[in-house]
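Asker: Here it is, the structure, as structure tokens.
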Amino acid sequence: MPHLTAKLQGFGTTIFAEMTALAQRHQAVNLGQGFPDFDGPDFLKRAAIASIELGRNQYARSHGMPVLNAAIAEHRQRFYGLSFDPETEITVMHGATECIAATMLALLDVGDEVVLFEPFYDSYPATIAMAGATARVVTLRAPDYAVDLAAVRAAIGPKTRAIIINTPHNPCGKVFTRAELEGIAALCVEHDILAITDEVYEHLVFEGVHVAMASLPGMRDRTVMISSTGKTFSFTGWKIGYICAAPALTRALRTSHQFLTFCNGTPFQFAMAEGLRAGDDYFEQFLREYRARRDRMCEGLASVGFEVLVPAGTYFICTDIRTLGFDDDMEMCRALPEAVGVAAIPNSAFYVNKHEGKHLVRWAFCKTDAVLEEGLARLRANIGRLRPGGKH
Ligand code: PMP
Ligand code: GLN
């Protein structure tokens with residue numbers, strides 16, 4: 001691509017933007033990009049509106065408005081028994097997306113290596129590349145995506161600075177087990193490397209429990225714990241993300257953050273402080289509703305003929321497309337919106353070793369019941385229009 005730096009060659013338009021554009025062009029039901037098609041709770045909308053009316057409209061403090069940093073600290077204590085100092089260990093950023101970029105840019109030097117599981121969220125390799133570092137990839141394989149600790153160990157070398165763990169995992173819906181995280185933690189301690197954790201789906205766990213890496217022995221001060229309010233409160237456009245990390249790491253992270261965005265939307269920060277302090281009933285109802293969507297959607301996709309890999313967490317379902325005679329996820333997903341009227345995400349976009357994900361397609365179920373039903377109805381009625389291996 002002309003003009004683009006050598007570092008960023010190959011990181012063209014994100015797969016999410018590409019598939020959403022296709023969905024819009026063909027008026028397809030968008031089960032691709034993971035954003036809810038419904039709003040978050042009214043009490044948060046009212047809090048944001050009140051903040052705007054109260055004149056909280058200028059730049060926020062760079063590391064977050066004090067009320068939000070305090071609410072994040074309370075949330076970490078309440079759900080994980082972790083104690084973080086709101087002033088020296090918590091930084092509010094522009095969504096988890098900025099947290100990821102700020103982390104890579106602050107902590108990685110040119111030539112450093114990072115261990116990365118594939119499939120991966122697409123911004124990890126892009127921001128590792130921006131920092132001039134290199135990803136060493138370890139593959140998680142369907143159907144259980146179990147961690148091969150020997151492979152992780154083999155990927156660690158003298159230049160390894162960090163390992164990235166995304167749990168619950170986008171796209172595969174895996175929730176890392178305590179034993180897996182303990183195994184990774186032991187390697188981090190043994191080799192003196194950092195864990196960068198992306199926990200944005202922490203409140204979407206249907207099977208098992210969410211274990212915070214920072215709560216494991218030896219990990220409190222070597223973990224960069226990233227999360228976001230986007231998924232948990234269904235306001236992905238507010239972009240309130242945050243990082244909890246020991247003071248020395250936090251000082252480094254704030255250095256890159258202040259030159260990336262400096263701060264994010266002030267009124268939304270005040271509102272999200274209330275979100276993080278919501279009662280248990282909010283989090284329970286949130287999970288209950290998503291569990292019902294997951295179950296309905298798993299059943300529906302199975303009835304279309306896909307092999308469904310039931311997710312333990314997140315709001316994504318991956319299906320094996322070979323049961324319907326397809327073998328190329330990219331080709332299928334590029335044809336789906338026009339031919340079938342539904343958009344989805346090809347998993348090979350999340351792999352360096354593309355062949356590992358070529359038979360998998362991801363469906364987002366963070367959508368209203370009517371939209372999910374319409375998507376399934378179109379799939380049942382029209383999937384036959386897609387001719388495997390050829391044009392429709
Ligand atoms: N990490 C993962 C695994 C995600 O799925 C997403 C967004 N869907 C993000 C990070 C980015 O979060 P945010 O919208 O808060 O920037
Ligand atoms: N994280 C969302 C997904 O996985 C997409 C976010 C984006 O488009 N940047 O679908």
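Note on naming: chains are A, B, ... as they come in the structure tokens, residues start from 1 per chain, ligands start from 1 in the order shown.
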Return as a PyMOL selection string the residues of protein, DNA or RNA that approach ligand 2 to within 6 Å, with only C-alpha atoms and all ligand atoms taken into account.
Answerer: chain A and resi 16+33-34
Asker: Generate the output file for the selected residues, all heavy atoms, as a CSV table (one decimal), in the first residue's frame.
Answerer:
chain,number,residue,atom,x,y,z
A,16,PHE,N,-13.4,-6.0,10.6
A,16,PHE,CA,-14.7,-5.6,11.1
A,16,PHE,C,-15.3,-4.5,10.2
A,16,PHE,O,-16.5,-4.5,9.9
A,16,PHE,CB,-14.6,-5.1,12.6
A,16,PHE,CG,-13.9,-6.0,13.4
A,16,PHE,CD1,-12.6,-5.7,14.0
A,16,PHE,CD2,-14.4,-7.3,13.7
A,16,PHE,CE1,-12.0,-6.6,14.8
A,16,PHE,CE2,-13.7,-8.2,14.5
A,16,PHE,CZ,-12.5,-7.9,15.0
A,33,GLN,N,-19.4,-7.5,13.0
A,33,GLN,CA,-18.8,-6.6,14.0
A,33,GLN,C,-19.5,-6.7,15.3
A,33,GLN,O,-20.7,-6.7,15.4
A,33,GLN,CB,-18.8,-5.2,13.5
A,33,GLN,CG,-17.8,-4.3,14.2
A,33,GLN,CD,-17.8,-2.9,13.6
A,33,GLN,OE1,-18.8,-2.4,13.0
A,33,GLN,NE2,-16.7,-2.2,13.8
A,34,GLY,N,-18.7,-6.8,16.4
A,34,GLY,CA,-19.3,-7.0,17.7
A,34,GLY,C,-19.6,-5.7,18.4
A,34,GLY,O,-18.9,-5.2,19.2
Asker: So which residues are near ligand 1, meaning at most 7 Å away with only C-alpha atoms and all ligand atoms counted, given back as a count of residues only?
Answerer: 19
Asker: Can you check which parts of range 87-196 of chain A lie within 7 Å of range 246-258 of chain A? Per residue, the shortest pair of atoms and distance in Å to one decimal, counting only C-alpha atoms, sorted by chain and number, as JSON lines.
Answerer:
{"residue": "A:Thr88", "atom": "CA", "partner": "A:Pro247", "partner_atom": "CA", "distance": 5.4}
{"residue": "A:Glu89", "atom": "CA", "partner": "A:Pro247", "partner_atom": "CA", "distance": 5.2}
{"residue": "A:Ala102", "atom": "CA", "partner": "A:Ser256", "partner_atom": "CA", "distance": 5.4}
{"residue": "A:Thr103", "atom": "CA", "partner": "A:Leu253", "partner_atom": "CA", "distance": 5.9}
{"residue": "A:Leu105", "atom": "CA", "partner": "A:Ser256", "partner_atom": "CA", "distance": 6.5}
{"residue": "A:Ala106", "atom": "CA", "partner": "A:Leu253", "partner_atom": "CA", "distance": 5.5}
Asker: Give me, as number ranges by chain, all polymer residues having an atom no more than 7 Å from Thr266 in chain A, counting only C-alpha atoms and skipping those fewer than 2 positions away in the same chain.
Answerer: A: 56-60, 264, 268-270
Asker: I need the residues from that last selection saved to file as a PDB file, in the first residue's frame (with N, CA and C atoms), if you can.
Answerer:
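Full text of selection.pdb as output:
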ATOM      1  N   ARG A  56     -19.554  19.458  32.714  1.00  0.00           N
ATOM      2  CA  ARG A  56     -18.330  18.647  32.789  1.00  0.00           C
ATOM      3  C   ARG A  56     -17.885  18.315  31.365  1.00  0.00           C
ATOM      4  N   ASN A  57     -17.477  19.341  30.651  1.00  0.00           N
ATOM      5  CA  ASN A  57     -17.304  19.184  29.209  1.00  0.00           C
ATOM      6  C   ASN A  57     -15.912  19.520  28.686  1.00  0.00           C
ATOM      7  N   GLN A  58     -14.981  19.816  29.568  1.00  0.00           N
ATOM      8  CA  GLN A  58     -13.627  20.119  29.094  1.00  0.00           C
ATOM      9  C   GLN A  58     -12.740  18.886  29.304  1.00  0.00           C
ATOM     10  N   TYR A  59     -11.491  18.999  28.910  1.00  0.00           N
ATOM     11  CA  TYR A  59     -10.576  17.867  29.046  1.00  0.00           C
ATOM     12  C   TYR A  59     -10.684  17.237  30.429  1.00  0.00           C
ATOM     13  N   ALA A  60     -10.604  15.938  30.437  1.00  0.00           N
ATOM     14  CA  ALA A  60     -10.528  15.237  31.721  1.00  0.00           C
ATOM     15  C   ALA A  60      -9.075  15.237  32.202  1.00  0.00           C
ATOM     16  N   ASN A 264      -9.996  10.883  27.550  1.00  0.00           N
ATOM     17  CA  ASN A 264     -11.203  10.649  26.735  1.00  0.00           C
ATOM     18  C   ASN A 264     -12.376  11.421  27.323  1.00  0.00           C
ATOM     19  N   PHE A 268     -18.700  11.117  29.945  1.00  0.00           N
ATOM     20  CA  PHE A 268     -18.870   9.657  29.967  1.00  0.00           C
ATOM     21  C   PHE A 268     -18.095   9.038  31.129  1.00  0.00           C
ATOM     22  N   GLN A 269     -17.007   9.680  31.510  1.00  0.00           N
ATOM     23  CA  GLN A 269     -16.246   9.149  32.652  1.00  0.00           C
ATOM     24  C   GLN A 269     -17.070   9.239  33.933  1.00  0.00           C
ATOM     25  N   PHE A 270     -17.727  10.380  34.115  1.00  0.00           N
ATOM     26  CA  PHE A 270     -18.586  10.516  35.307  1.00  0.00           C
ATOM     27  C   PHE A 270     -19.694   9.467  35.287  1.00  0.00           C
TER      28      PHE A 270
END
Asker: From a backbone DSSP assignment, name each residue in range 170-257 of chain A labelled strand (DSSP E), as a VMD selection string.
Answerer: chain A and resid 194 to 198 223 to 228 240 to 244
Asker: Just the selected residues (N, CA and C atoms), exported as a compact mmCIF listing (two decimals), in the first residue's frame, please.
Answerer:
# COMPACT_ATOMS: atom_id res chain seq x y z
N LEU A 194 6.35 -9.94 31.36
CA LEU A 194 5.08 -9.33 31.76
C LEU A 194 3.91 -10.08 31.15
N ALA A 195 2.76 -10.03 31.84
CA ALA A 195 1.51 -10.51 31.24
C ALA A 195 0.68 -9.28 30.89
N ILE A 196 0.25 -9.21 29.65
CA ILE A 196 -0.67 -8.14 29.24
C ILE A 196 -2.01 -8.82 29.07
N THR A 197 -2.98 -8.50 29.91
CA THR A 197 -4.26 -9.22 29.84
C THR A 197 -5.35 -8.30 29.30
N ASP A 198 -6.14 -8.86 28.41
CA ASP A 198 -7.29 -8.14 27.83
C ASP A 198 -8.52 -8.84 28.38
N THR A 223 1.60 -7.75 35.85
CA THR A 223 0.47 -7.83 34.92
C THR A 223 -0.01 -6.43 34.55
N VAL A 224 -0.24 -6.24 33.26
CA VAL A 224 -0.89 -5.02 32.78
C VAL A 224 -2.32 -5.44 32.48
N MET A 225 -3.24 -5.07 33.36
CA MET A 225 -4.61 -5.59 33.32
C MET A 225 -5.51 -4.59 32.61
N ILE A 226 -5.93 -4.97 31.41
CA ILE A 226 -6.71 -4.06 30.57
C ILE A 226 -8.18 -4.46 30.58
N SER A 227 -9.06 -3.48 30.72
CA SER A 227 -10.48 -3.78 30.54
C SER A 227 -11.18 -2.56 29.95
N SER A 228 -12.48 -2.71 29.76
CA SER A 228 -13.25 -1.65 29.11
C SER A 228 -14.68 -1.75 29.58
N ILE A 240 -14.75 4.02 27.06
CA ILE A 240 -14.09 4.15 28.36
C ILE A 240 -13.39 2.83 28.68
N GLY A 241 -12.08 2.84 28.55
CA GLY A 241 -11.29 1.66 28.90
C GLY A 241 -10.31 2.05 30.00
N TYR A 242 -9.67 1.07 30.58
CA TYR A 242 -8.74 1.40 31.66
C TYR A 242 -7.71 0.30 31.88
N ILE A 243 -6.59 0.70 32.47
CA ILE A 243 -5.51 -0.24 32.79
C ILE A 243 -5.19 -0.16 34.27
N CYS A 244 -5.07 -1.34 34.88
CA CYS A 244 -4.59 -1.41 36.27
C CYS A 244 -3.21 -2.07 36.22
Asker: Select, from A:Ile90, A:Ala151, A:Val361, A:Ala71, the residue with the minimum atom-to-atom distance to Phe306 in chain A, counting only C-alpha atoms.
Answerer: A:Val361
Asker: Hey, what's within 12 Å of Thr314 in chain A if we count only C-alpha atoms and toss same-chain stuff fewer than 2 positions away? As number ranges by chain, please?
Answerer: A: 34-35, 166-175, 199-207, 210, 231-232, 287, 290-291, 293-294, 310-312, 316-318, 362-366
Asker: I'd like the neighbourhood of Leu360 in chain A as a CSV table (one decimal) with C-alpha atoms, in the first residue's frame, where a residue qualifies if any of its atoms comes within 12 Å (using only C-alpha atoms), though same-chain residues fewer than 3 positions away should be ignored.
Answerer:
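Contents of the output file out.csv:
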chain,number,residue,atom,x,y,z
A,119,PRO,CA,-6.5,-16.6,17.0
A,141,ARG,CA,-6.8,-25.1,18.2
A,142,ALA,CA,-10.5,-25.8,18.0
A,143,PRO,CA,-12.6,-27.3,19.4
A,171,PRO,CA,-13.1,-14.7,18.7
A,172,CYS,CA,-13.2,-18.2,20.1
A,306,PHE,CA,-23.0,-25.6,11.0
A,307,GLU,CA,-21.0,-27.4,13.7
A,308,VAL,CA,-21.3,-25.0,16.6
A,309,LEU,CA,-18.4,-24.4,19.0
A,317,ILE,CA,-20.0,-18.0,18.5
A,318,CYS,CA,-17.6,-19.7,16.1
A,319,THR,CA,-18.9,-22.4,13.7
A,320,ASP,CA,-17.1,-24.9,11.6
A,321,ILE,CA,-18.3,-24.3,8.1
A,322,ARG,CA,-17.0,-27.6,6.7
A,323,THR,CA,-20.2,-29.4,7.8
A,324,LEU,CA,-22.0,-27.4,5.1
A,326,PHE,CA,-17.4,-24.9,2.7
A,327,ASP,CA,-13.7,-24.6,3.2
A,328,ASP,CA,-12.8,-21.0,2.8
A,329,ASP,CA,-14.0,-18.6,5.5
A,330,MET,CA,-12.9,-15.4,3.7
A,331,GLU,CA,-14.7,-16.4,0.4
A,332,MET,CA,-17.8,-17.4,2.3
A,333,CYS,CA,-18.0,-14.2,4.4
A,344,ALA,CA,-20.2,-12.7,9.7
A,345,ILE,CA,-16.5,-12.6,10.4
A,346,PRO,CA,-14.0,-15.0,8.8
A,347,ASN,CA,-11.7,-16.3,11.5
A,348,SER,CA,-8.6,-16.5,9.4
A,349,ALA,CA,-8.3,-12.8,9.8
A,350,PHE,CA,-7.3,-13.6,13.4
A,351,TYR,CA,-4.4,-15.9,12.5
A,354,LYS,CA,-4.3,-18.5,8.0
A,355,HIS,CA,-5.0,-22.2,7.3
A,356,GLU,CA,-5.6,-22.8,11.0
A,357,GLY,CA,-8.7,-20.6,11.0
A,363,TRP,CA,-21.2,-14.8,14.6
Asker: I'd like the interatomic distance between CA of Asp112 in chain A and CA of Thr261 in chain A, to a tenth of an Å.
Answerer: 24.6 Å
Asker: CA of Cys99 in chain A to CA of Thr127 in chain A: how many Å, to one decimal?
Answerer: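 Value for the CA of Cys99 in chain A-CA of Thr127 in chain A distance: 10.6 Å.
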Asker: For Thr134 in chain A, which of A:Val211, A:Gln27, A:Lys7, A:Pro86 is the closest residue, counting only C-alpha atoms?
Answerer: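 Between A:Val211, A:Gln27, A:Lys7, A:Pro86, the residue approaching Thr134 in chain A most closely is A:Lys7.
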Asker: Quick one: everything within 9 Å of His191 in chain A, counting only C-alpha atoms, minus sequence neighbours fewer than 2 positions away in the same chain. Send it as a ChimeraX atom specification.
Answerer: /A:156-158,160,186-189,193
Asker: Output all heavy atoms for every residue in the selection just made, as an mmCIF file, in the first residue's frame.
Answerer:
data_model
loop_
_atom_site.group_PDB
_atom_site.id
_atom_site.type_symbol
_atom_site.label_atom_id
_atom_site.label_comp_id
_atom_site.auth_asym_id
_atom_site.auth_seq_id
_atom_site.Cartn_x
_atom_site.Cartn_y
_atom_site.Cartn_z
ATOM 1 N N ILE A 156 9.151 -18.562 24.044
ATOM 2 C CA ILE A 156 9.832 -17.566 24.885
ATOM 3 C C ILE A 156 11.335 -17.612 24.611
ATOM 4 O O ILE A 156 11.935 -18.686 24.591
ATOM 5 C CB ILE A 156 9.556 -17.843 26.383
ATOM 6 C CG1 ILE A 156 8.058 -17.661 26.682
ATOM 7 C CG2 ILE A 156 10.394 -16.922 27.271
ATOM 8 C CD1 ILE A 156 7.640 -18.078 28.081
ATOM 9 N N GLY A 157 11.906 -16.456 24.383
ATOM 10 C CA GLY A 157 13.348 -16.393 24.127
ATOM 11 C C GLY A 157 13.954 -15.240 24.899
ATOM 12 O O GLY A 157 13.262 -14.572 25.678
ATOM 13 N N PRO A 158 15.223 -14.964 24.659
ATOM 14 C CA PRO A 158 15.901 -13.898 25.427
ATOM 15 C C PRO A 158 15.312 -12.504 25.189
ATOM 16 O O PRO A 158 15.467 -11.625 26.024
ATOM 17 C CB PRO A 158 17.357 -13.979 24.945
ATOM 18 C CG PRO A 158 17.349 -14.841 23.732
ATOM 19 C CD PRO A 158 16.128 -15.697 23.767
ATOM 20 N N THR A 160 12.070 -11.920 24.737
ATOM 21 C CA THR A 160 10.645 -11.866 25.086
ATOM 22 C C THR A 160 10.413 -10.903 26.240
ATOM 23 O O THR A 160 11.035 -11.030 27.298
ATOM 24 C CB THR A 160 10.126 -13.264 25.490
ATOM 25 O OG1 THR A 160 10.447 -14.166 24.443
ATOM 26 C CG2 THR A 160 8.627 -13.236 25.717
ATOM 27 N N ALA A 186 3.501 -19.118 35.823
ATOM 28 C CA ALA A 186 4.780 -19.695 36.262
ATOM 29 C C ALA A 186 5.868 -19.390 35.237
ATOM 30 O O ALA A 186 7.014 -19.070 35.600
ATOM 31 C CB ALA A 186 4.626 -21.209 36.454
ATOM 32 N N LEU A 187 5.502 -19.437 33.946
ATOM 33 C CA LEU A 187 6.499 -19.126 32.907
ATOM 34 C C LEU A 187 6.884 -17.636 32.962
ATOM 35 O O LEU A 187 8.045 -17.285 32.752
ATOM 36 C CB LEU A 187 5.939 -19.475 31.523
ATOM 37 C CG LEU A 187 5.825 -20.972 31.223
ATOM 38 C CD1 LEU A 187 5.110 -21.208 29.888
ATOM 39 C CD2 LEU A 187 7.220 -21.616 31.184
ATOM 40 N N CYS A 188 5.903 -16.783 33.240
ATOM 41 C CA CYS A 188 6.193 -15.339 33.337
ATOM 42 C C CYS A 188 7.192 -15.079 34.463
ATOM 43 O O CYS A 188 8.139 -14.297 34.301
ATOM 44 C CB CYS A 188 4.917 -14.537 33.616
ATOM 45 S SG CYS A 188 3.797 -14.457 32.222
ATOM 46 N N VAL A 189 6.966 -15.749 35.598
ATOM 47 C CA VAL A 189 7.858 -15.536 36.746
ATOM 48 C C VAL A 189 9.245 -16.103 36.429
ATOM 49 O O VAL A 189 10.263 -15.434 36.610
ATOM 50 C CB VAL A 189 7.254 -16.186 38.016
ATOM 51 C CG1 VAL A 189 8.241 -16.143 39.171
ATOM 52 C CG2 VAL A 189 5.939 -15.486 38.398
ATOM 53 N N ILE A 193 8.958 -12.141 32.613
ATOM 54 C CA ILE A 193 8.253 -11.398 31.556
ATOM 55 C C ILE A 193 6.894 -10.915 32.065
ATOM 56 O O ILE A 193 6.370 -11.402 33.068
ATOM 57 C CB ILE A 193 8.101 -12.227 30.248
ATOM 58 C CG1 ILE A 193 7.328 -13.505 30.482
ATOM 59 C CG2 ILE A 193 9.447 -12.517 29.645
ATOM 60 C CD1 ILE A 193 7.238 -14.361 29.229
#
Asker: Could you please write out, as a list of chain:residue names, every residue of range 207-253 of chain A that DSSP assigns to helix (DSSP H, G or I)?
Answerer: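 Selecting the helix (DSSP H, G or I) positions of range 207-253 of chain A gives A:Met213, A:Ala214, A:Ser215, A:Thr236, A:Gly237, A:Trp238, A:Pro247, A:Ala248, A:Leu249, A:Thr250, A:Arg251, A:Ala252, A:Leu253.
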Asker: Using only C-alpha atoms, can you tell me which of A:Ile52, A:Met272, A:Val29, A:Arg387 comes closest to Pro66 in chain A?
Answerer: A:Met272
Asker: To one decimal place in Å, what is the distance between CA of Gly40 in chain A and CA of Ser215 in chain A?
Answerer: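 For CA of Gly40 in chain A relative to CA of Ser215 in chain A, the distance reads 29.2 Å.
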